[in-house]
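Student: Input input.cif, format and content: mmCIF, C-alpha atoms.
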data_model
#
loop_
_atom_site.group_PDB
_atom_site.id
_atom_site.type_symbol
_atom_site.label_atom_id
_atom_site.label_comp_id
_atom_site.auth_asym_id
_atom_site.auth_seq_id
_atom_site.Cartn_x
_atom_site.Cartn_y
_atom_site.Cartn_z
ATOM 1 C CA MET A 25 -86.075 16.139 115.798
ATOM 2 C CA PRO A 26 -87.525 15.841 112.254
ATOM 3 C CA GLU A 27 -86.438 12.905 110.129
ATOM 4 C CA THR A 28 -84.634 13.491 106.877
ATOM 5 C CA ARG A 29 -87.010 13.551 103.959
ATOM 6 C CA PRO A 30 -86.729 10.490 101.701
ATOM 7 C CA ALA A 31 -86.116 11.118 98.011
ATOM 8 C CA LEU A 32 -89.296 10.463 96.057
ATOM 9 C CA ASP A 33 -89.509 10.451 92.281
ATOM 10 C CA GLU A 34 -92.512 11.570 90.244
ATOM 11 C CA ALA A 35 -94.007 8.067 89.989
ATOM 12 C CA SER A 36 -93.855 7.616 93.769
ATOM 13 C CA LEU A 37 -95.472 11.021 94.273
ATOM 14 C CA ARG A 38 -98.278 10.087 91.856
ATOM 15 C CA ILE A 39 -98.779 6.861 93.840
ATOM 16 C CA LEU A 40 -98.982 8.804 97.109
ATOM 17 C CA ASP A 41 -101.448 11.315 95.643
ATOM 18 C CA ALA A 42 -103.677 8.528 94.308
ATOM 19 C CA LEU A 43 -103.594 6.455 97.508
ATOM 20 C CA GLN A 44 -104.357 9.501 99.656
ATOM 21 C CA LYS A 45 -107.529 9.996 97.613
ATOM 22 C CA ASN A 46 -108.528 6.313 97.746
ATOM 23 C CA SER A 47 -106.396 3.645 99.408
ATOM 24 C CA GLU A 48 -108.872 0.925 98.459
ATOM 25 C CA ILE A 49 -108.200 0.935 94.719
ATOM 26 C CA SER A 50 -106.689 -2.226 93.280
ATOM 27 C CA ASN A 51 -103.027 -2.370 92.362
ATOM 28 C CA ALA A 52 -104.007 -2.727 88.694
ATOM 29 C CA GLU A 53 -106.127 0.435 88.823
ATOM 30 C CA LEU A 54 -103.416 2.298 90.753
ATOM 31 C CA ALA A 55 -100.764 1.233 88.225
ATOM 32 C CA GLU A 56 -102.932 2.434 85.344
ATOM 33 C CA ARG A 57 -103.671 5.717 87.085
ATOM 34 C CA VAL A 58 -99.994 6.508 87.760
ATOM 35 C CA GLY A 59 -98.628 5.222 84.447
ATOM 36 C CA LEU A 60 -96.758 2.105 85.606
ATOM 37 C CA SER A 61 -97.220 -1.594 85.029
ATOM 38 C CA ALA A 62 -98.652 -3.611 87.910
ATOM 39 C CA SER A 63 -95.431 -5.243 89.238
ATOM 40 C CA PRO A 64 -93.324 -2.058 89.504
ATOM 41 C CA CYS A 65 -96.302 -0.236 91.040
ATOM 42 C CA TRP A 66 -96.738 -2.962 93.672
ATOM 43 C CA ARG A 67 -92.987 -2.878 94.428
ATOM 44 C CA ARG A 68 -93.068 0.910 94.857
ATOM 45 C CA VAL A 69 -96.044 0.763 97.220
ATOM 46 C CA SER A 70 -94.309 -1.957 99.243
ATOM 47 C CA GLU A 71 -91.118 0.110 99.353
ATOM 48 C CA LEU A 72 -93.052 3.216 100.468
ATOM 49 C CA ARG A 73 -94.543 1.152 103.307
ATOM 50 C CA GLU A 74 -91.189 -0.339 104.316
ATOM 51 C CA ARG A 75 -89.601 3.132 104.402
ATOM 52 C CA GLY A 76 -92.443 4.423 106.587
ATOM 53 C CA VAL A 77 -93.683 6.952 104.029
ATOM 54 C CA ILE A 78 -97.031 5.128 104.002
ATOM 55 C CA ARG A 79 -97.821 4.483 107.662
ATOM 56 C CA GLY A 80 -101.114 2.680 107.172
ATOM 57 C CA ALA A 81 -104.555 2.837 105.611
ATOM 58 C CA VAL A 82 -107.784 3.604 107.441
ATOM 59 C CA ALA A 83 -111.485 3.996 106.759
ATOM 60 C CA LEU A 84 -112.704 7.589 107.069
ATOM 61 C CA VAL A 85 -115.981 7.550 108.961
ATOM 62 C CA ASP A 86 -118.563 10.335 108.816
ATOM 63 C CA PRO A 87 -118.856 11.680 112.394
ATOM 64 C CA LEU A 88 -122.462 12.809 111.842
ATOM 65 C CA LYS A 89 -123.469 9.241 110.894
ATOM 66 C CA LEU A 90 -122.191 8.227 114.349
ATOM 67 C CA GLY A 91 -124.030 11.058 116.080
ATOM 68 C CA LEU A 92 -120.845 13.051 116.756
ATOM 69 C CA ALA A 93 -122.134 16.500 115.893
ATOM 70 C CA VAL A 94 -120.008 18.705 118.169
ATOM 71 C CA ASN A 95 -116.453 19.574 117.180
ATOM 72 C CA VAL A 96 -114.568 21.538 119.853
ATOM 73 C CA PHE A 97 -111.121 23.134 119.761
ATOM 74 C CA VAL A 98 -109.755 23.329 123.286
ATOM 75 C CA HIS A 99 -106.832 25.513 124.344
ATOM 76 C CA VAL A 100 -105.244 24.235 127.556
ATOM 77 C CA THR A 101 -102.680 26.115 129.622
ATOM 78 C CA LEU A 102 -100.639 24.432 132.320
ATOM 79 C CA LYS A 103 -99.357 26.047 135.527
ATOM 80 C CA GLN A 104 -95.848 24.850 134.674
ATOM 81 C CA GLN A 105 -94.347 23.578 131.434
ATOM 82 C CA ASP A 106 -91.843 21.188 133.015
ATOM 83 C CA LYS A 107 -91.324 17.680 131.652
ATOM 84 C CA ALA A 108 -93.380 15.976 134.378
ATOM 85 C CA SER A 109 -96.392 18.285 133.896
ATOM 86 C CA LEU A 110 -96.308 17.874 130.112
ATOM 87 C CA LYS A 111 -96.111 14.081 130.415
ATOM 88 C CA LEU A 112 -98.917 13.911 132.968
ATOM 89 C CA PHE A 113 -101.168 15.930 130.675
ATOM 90 C CA THR A 114 -100.326 14.021 127.486
ATOM 91 C CA ASP A 115 -100.725 10.642 129.229
ATOM 92 C CA SER A 116 -104.166 11.669 130.522
ATOM 93 C CA ILE A 117 -105.306 12.928 127.117
ATOM 94 C CA ALA A 118 -103.971 9.917 125.208
ATOM 95 C CA ARG A 119 -106.541 7.687 126.941
ATOM 96 C CA ARG A 120 -109.532 9.757 125.816
ATOM 97 C CA PRO A 121 -111.119 8.523 122.562
ATOM 98 C CA GLU A 122 -113.049 11.764 122.033
ATOM 99 C CA VAL A 123 -109.776 13.688 121.768
ATOM 100 C CA MET A 124 -109.012 13.331 118.072
ATOM 101 C CA GLU A 125 -105.866 15.452 117.996
ATOM 102 C CA CYS A 126 -103.550 16.972 120.579
ATOM 103 C CA TYR A 127 -100.719 19.386 119.824
ATOM 104 C CA LEU A 128 -98.065 20.892 122.065
ATOM 105 C CA MET A 129 -98.125 24.565 121.097
ATOM 106 C CA THR A 130 -96.231 27.809 121.304
ATOM 107 C CA GLY A 131 -98.129 30.985 122.165
ATOM 108 C CA GLU A 132 -100.785 31.587 124.783
ATOM 109 C CA ALA A 133 -101.920 27.977 125.289
ATOM 110 C CA ASP A 134 -99.666 24.992 125.904
ATOM 111 C CA PHE A 135 -101.910 22.481 124.132
ATOM 112 C CA LEU A 136 -104.526 22.559 121.412
ATOM 113 C CA LEU A 137 -107.011 19.686 121.358
ATOM 114 C CA ARG A 138 -109.656 18.769 118.823
ATOM 115 C CA VAL A 139 -112.514 16.988 120.542
ATOM 116 C CA VAL A 140 -115.497 15.310 118.891
ATOM 117 C CA VAL A 141 -118.573 14.496 121.015
ATOM 118 C CA GLU A 142 -122.294 13.873 120.654
ATOM 119 C CA ASP A 143 -123.528 17.016 122.364
ATOM 120 C CA LEU A 144 -122.728 19.733 124.889
ATOM 121 C CA LEU A 145 -123.531 17.473 127.832
ATOM 122 C CA ARG A 146 -120.842 15.013 126.729
ATOM 123 C CA TYR A 147 -118.370 17.867 126.374
ATOM 124 C CA GLN A 148 -119.287 19.077 129.855
ATOM 125 C CA GLU A 149 -118.603 15.555 131.172
ATOM 126 C CA LEU A 150 -115.185 15.537 129.495
ATOM 127 C CA MET A 151 -114.428 18.934 131.020
ATOM 128 C CA LEU A 152 -115.536 18.020 134.534
ATOM 129 C CA GLU A 153 -114.367 14.393 134.673
ATOM 130 C CA CYS A 154 -111.111 14.708 132.769
ATOM 131 C CA LEU A 155 -109.686 18.100 131.835
ATOM 132 C CA THR A 156 -110.334 19.884 135.121
ATOM 133 C CA GLN A 157 -109.057 16.837 137.042
ATOM 134 C CA ILE A 158 -105.600 16.760 135.466
ATOM 135 C CA PRO A 159 -103.124 18.209 137.971
ATOM 136 C CA GLY A 160 -101.331 21.252 136.650
ATOM 137 C CA VAL A 161 -104.070 22.537 134.325
ATOM 138 C CA SER A 162 -104.563 26.232 134.950
ATOM 139 C CA ASN A 163 -106.793 27.390 132.090
ATOM 140 C CA ILE A 164 -109.163 25.769 129.587
ATOM 141 C CA ARG A 165 -110.670 27.755 126.726
ATOM 142 C CA SER A 166 -113.101 26.132 124.284
ATOM 143 C CA SER A 167 -114.177 27.154 120.793
ATOM 144 C CA PHE A 168 -117.046 25.321 119.115
ATOM 145 C CA ALA A 169 -116.933 24.774 115.352
ATOM 146 C CA LEU A 170 -120.078 25.970 113.610
ATOM 147 C CA ASP A 171 -119.270 24.436 110.230
ATOM 148 C CA GLN A 172 -116.473 22.378 108.726
ATOM 149 C CA VAL A 173 -115.324 24.430 105.762
ATOM 150 C CA LYS A 174 -112.497 22.101 104.720
ATOM 151 C CA TYR A 175 -111.321 18.713 105.923
ATOM 152 C CA THR A 176 -108.698 16.533 104.324
ATOM 153 C CA THR A 177 -106.295 13.847 105.396
ATOM 154 C CA ALA A 178 -104.271 14.104 102.168
ATOM 155 C CA LEU A 179 -100.884 15.736 102.654
ATOM 156 C CA PRO A 180 -99.631 18.082 99.923
ATOM 157 C CA THR A 181 -96.846 16.745 97.678
ATOM 158 C CA ASP A 182 -96.303 19.614 95.204
ATOM 159 C CA HIS A 183 -93.345 20.976 97.196
ATOM 160 C CA LEU A 184 -91.505 17.703 96.512
ATOM 161 C CA ARG A 185 -91.850 18.225 92.745
ATOM 162 C CA ARG A 186 -89.831 21.453 92.681
#
In structure tokens, how does this file's structure come out?

Tutor:
Amino acid sequence: MPETRPALDEASLRILDALQKNSEISNAELAERVGLSASPCWRRVSELRERGVIRGAVALVDPLKLGLAVNVFVHVTLKQQDKASLKLFTDSIARRPEVMECYLMTGEADFLLRVVVEDLLRYQELMLECLTQIPGVSNIRSSFALDQVKYTTALPTDHLRR
């Protein structure tokens, strides 16, 4: 069940927009950018963290610099969609570092995975050693990304300004 959306004023939204672009900027630079003095800006950031609006900060790493050139979207269908089958699948997938994202879906497939690997041989290994070995999997369909047209981790905030 979705949580209720916390009320965020314009200054907090400006802070979120700025931190989503660069979470490494200093508090002084952030305060200047969003039009606050340093102490109130720091308090707002702390409050956003305490409320769980800001869940953390990470370094975004270029997958190509790590030799991860293959991006695969995998549609997985289970034989049954009962609680035990769903849990077995999600527990198996959660342990795989090459699975970047996993969504329970409506429609033709039960799950959509985004997998990042070095090459087709590594993807074949994942298929044979993991995906096809999970009890209850009935169908696996893979689509290989040719080019990444857009990628962002920044969530939109404009709808909160209305």

Student: Can you work out which one of A:Asn51, A:Gln157, A:Thr130, A:Gln44 has the shortest atom-to-atom distance to Leu179 of chain A, counting all atoms listed in the file?

Tutor: A:Gln44

Student: Report the residues retrieved by the PyMOL selection byres ((chain A and resi 113) around 12) from the displayed file, expressed as a ChimeraX atom specification.

Tutor: /A:100-112,114-120,126-128,134-137,154-162

Student: Take the selection from the previous step and output its residues with C-alpha atoms, as a PDB file, keeping the file's coordinate frame.

Tutor:
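Result saved to selection_35.pdb:
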ATOM      1  CA  VAL A 100    -105.244  24.235 127.556  1.00  0.00           C
ATOM      2  CA  THR A 101    -102.680  26.115 129.622  1.00  0.00           C
ATOM      3  CA  LEU A 102    -100.639  24.432 132.320  1.00  0.00           C
ATOM      4  CA  LYS A 103     -99.357  26.047 135.527  1.00  0.00           C
ATOM      5  CA  GLN A 104     -95.848  24.850 134.674  1.00  0.00           C
ATOM      6  CA  GLN A 105     -94.347  23.578 131.434  1.00  0.00           C
ATOM      7  CA  ASP A 106     -91.843  21.188 133.015  1.00  0.00           C
ATOM      8  CA  LYS A 107     -91.324  17.680 131.652  1.00  0.00           C
ATOM      9  CA  ALA A 108     -93.380  15.976 134.378  1.00  0.00           C
ATOM     10  CA  SER A 109     -96.392  18.285 133.896  1.00  0.00           C
ATOM     11  CA  LEU A 110     -96.308  17.874 130.112  1.00  0.00           C
ATOM     12  CA  LYS A 111     -96.111  14.081 130.415  1.00  0.00           C
ATOM     13  CA  LEU A 112     -98.917  13.911 132.968  1.00  0.00           C
ATOM     14  CA  THR A 114    -100.326  14.021 127.486  1.00  0.00           C
ATOM     15  CA  ASP A 115    -100.725  10.642 129.229  1.00  0.00           C
ATOM     16  CA  SER A 116    -104.166  11.669 130.522  1.00  0.00           C
ATOM     17  CA  ILE A 117    -105.306  12.928 127.117  1.00  0.00           C
ATOM     18  CA  ALA A 118    -103.971   9.917 125.208  1.00  0.00           C
ATOM     19  CA  ARG A 119    -106.541   7.687 126.941  1.00  0.00           C
ATOM     20  CA  ARG A 120    -109.532   9.757 125.816  1.00  0.00           C
ATOM     21  CA  CYS A 126    -103.550  16.972 120.579  1.00  0.00           C
ATOM     22  CA  TYR A 127    -100.719  19.386 119.824  1.00  0.00           C
ATOM     23  CA  LEU A 128     -98.065  20.892 122.065  1.00  0.00           C
ATOM     24  CA  ASP A 134     -99.666  24.992 125.904  1.00  0.00           C
ATOM     25  CA  PHE A 135    -101.910  22.481 124.132  1.00  0.00           C
ATOM     26  CA  LEU A 136    -104.526  22.559 121.412  1.00  0.00           C
ATOM     27  CA  LEU A 137    -107.011  19.686 121.358  1.00  0.00           C
ATOM     28  CA  CYS A 154    -111.111  14.708 132.769  1.00  0.00           C
ATOM     29  CA  LEU A 155    -109.686  18.100 131.835  1.00  0.00           C
ATOM     30  CA  THR A 156    -110.334  19.884 135.121  1.00  0.00           C
ATOM     31  CA  GLN A 157    -109.057  16.837 137.042  1.00  0.00           C
ATOM     32  CA  ILE A 158    -105.600  16.760 135.466  1.00  0.00           C
ATOM     33  CA  PRO A 159    -103.124  18.209 137.971  1.00  0.00           C
ATOM     34  CA  GLY A 160    -101.331  21.252 136.650  1.00  0.00           C
ATOM     35  CA  VAL A 161    -104.070  22.537 134.325  1.00  0.00           C
ATOM     36  CA  SER A 162    -104.563  26.232 134.950  1.00  0.00           C
TER      37      SER A 162
END

Student: Looking at all atoms listed in the file, which of A:Ala52, A:Leu90, A:Val96, A:Leu84 is the one that sits closest to Asp171 of chain A?

Tutor: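 Answer, going by the shortest atom-to-atom distance: A:Val96.
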
Student: If I take atom CA of Val123 of chain A and atom CA of His99 of chain A, how far is one from the other in Å, to one decimal?

Tutor: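 A separation of 12.5 Å between them.
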
Student: Distance atom CA of Ile164 of chain A-atom CA of Asp86 of chain A, one decimal place?

Tutor: 27.5 Å

Student: When you draw a straight line from atom CA of Leu43 of chain A to atom CA of His183 of chain A, how long is it in Å?

Tutor: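 Answer for the atom CA of Leu43 of chain A to atom CA of His183 of chain A separation: 17.8 Å.
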
Student: Could you list, as number ranges by chain, every residue matched by the PyMOL selection byres ((chain A and resi 40) around 12) in this structure?

Tutor: A: 32-39, 41-47, 54-55, 57-58, 65, 68-73, 77-81, 178-182, 184

Student: So, with all atoms listed in the file as the atoms that count, which of A:Leu152, A:Ala93, A:Ala62, A:Leu145 lies closest to Leu170 of chain A?

Tutor: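 So, comparing all the options, the nearest one is A:Ala93.
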
Student: Please determine, counting all atoms listed in the file, which residue among A:Ile49, A:Val94, A:Val85, A:Ala31 has the shortest atom-to-atom distance to Gln148 of chain A.

Tutor: A:Val94

Student: Counting all atoms listed in the file, which residue out of A:Glu122, A:Glu149, A:Glu48, A:Glu56 sits closest to Pro87 of chain A?

Tutor: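 Of A:Glu122, A:Glu149, A:Glu48, A:Glu56, the one nearest Pro87 of chain A is A:Glu122, counting all atoms listed in the file.
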
Student: Nearest to Val139 of chain A: which of A:Glu74, A:Leu92, A:Met124, A:Gly59 is it, counting all atoms listed in the file?

Tutor: A:Met124

Student: Segment 92-103 of chain A, all listed atoms, 6 Å padding on each side: what axis-aligned box centre and edge lengths in Å to one decimal come out, as AutoDock Vina command-line options?

Tutor:
--center_x -110.7 --center_y 19.6 --center_z 125.7 --size_x 34.8 --size_y 25.1 --size_z 31.6

Student: Just write segment 57-128 of chain A with C-alpha atoms, as a compact mmCIF listing (two decimals), in the first residue's frame, taken from the block above.

Tutor:
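Below is the file that was written, result.txt:
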# COMPACT_ATOMS: atom_id res chain seq x y z
CA ARG A 57 21.58 27.40 -5.12
CA VAL A 58 18.16 27.03 -3.45
CA GLY A 59 18.02 30.52 -1.92
CA LEU A 60 18.39 29.68 1.78
CA SER A 61 21.05 30.39 4.37
CA ALA A 62 23.28 27.48 5.37
CA SER A 63 21.67 26.54 8.73
CA PRO A 64 18.05 26.32 7.52
CA CYS A 65 19.22 24.43 4.42
CA TRP A 66 21.11 21.90 6.56
CA ARG A 67 18.05 21.50 8.83
CA ARG A 68 15.79 20.89 5.83
CA VAL A 69 18.12 18.26 4.37
CA SER A 70 18.32 16.54 7.76
CA GLU A 71 14.53 16.63 8.07
CA LEU A 72 14.11 15.20 4.55
CA ARG A 73 16.42 12.33 5.54
CA GLU A 74 14.63 11.71 8.85
CA ARG A 75 11.25 11.61 7.07
CA GLY A 76 12.61 9.11 4.54
CA VAL A 77 12.16 11.42 1.55
CA ILE A 78 15.92 11.22 0.96
CA ARG A 79 16.78 7.54 1.34
CA GLY A 80 20.50 7.80 0.72
CA ALA A 81 23.20 9.03 -1.63
CA VAL A 82 25.20 6.87 -4.02
CA ALA A 83 27.92 7.18 -6.64
CA LEU A 84 26.67 6.59 -10.18
CA VAL A 85 29.20 4.40 -11.96
CA ASP A 86 29.54 4.18 -15.74
CA PRO A 87 28.79 0.53 -16.64
CA LEU A 88 30.98 0.69 -19.77
CA LYS A 89 34.00 1.70 -17.65
CA LEU A 90 33.45 -1.57 -15.75
CA GLY A 91 33.09 -3.59 -18.93
CA LEU A 92 29.33 -4.06 -18.52
CA ALA A 93 28.28 -3.48 -22.10
CA VAL A 94 25.15 -5.65 -22.35
CA ASN A 95 21.85 -4.38 -20.97
CA VAL A 96 19.04 -6.95 -21.13
CA PHE A 97 15.34 -6.61 -20.32
CA VAL A 98 13.98 -10.00 -19.31
CA HIS A 99 10.29 -10.88 -19.17
CA VAL A 100 9.67 -13.87 -16.90
CA THR A 101 6.40 -15.77 -16.63
CA LEU A 102 5.69 -18.18 -13.81
CA LYS A 103 3.55 -21.33 -14.01
CA GLN A 104 1.54 -20.09 -11.02
CA GLN A 105 1.28 -16.67 -9.42
CA ASP A 106 0.69 -17.90 -5.86
CA LYS A 107 2.49 -16.33 -2.90
CA ALA A 108 5.03 -19.15 -2.54
CA SER A 109 6.02 -19.06 -6.24
CA LEU A 110 6.38 -15.27 -6.22
CA LYS A 111 8.52 -15.38 -3.07
CA LEU A 112 10.73 -18.17 -4.40
CA PHE A 113 11.38 -16.20 -7.57
CA THR A 114 12.03 -12.86 -5.85
CA ASP A 115 14.33 -14.47 -3.26
CA SER A 116 16.36 -16.13 -6.03
CA ILE A 117 16.65 -12.91 -8.04
CA ALA A 118 17.52 -10.74 -5.03
CA ARG A 119 20.83 -12.60 -4.66
CA ARG A 120 21.98 -11.86 -8.21
CA PRO A 121 24.14 -8.71 -8.50
CA GLU A 122 23.71 -8.52 -12.28
CA VAL A 123 19.96 -8.04 -11.85
CA MET A 124 19.74 -4.28 -11.45
CA GLU A 125 15.96 -4.00 -11.23
CA CYS A 126 13.09 -6.43 -10.79
CA TYR A 127 9.41 -5.53 -11.05
CA LEU A 128 6.29 -7.58 -10.42
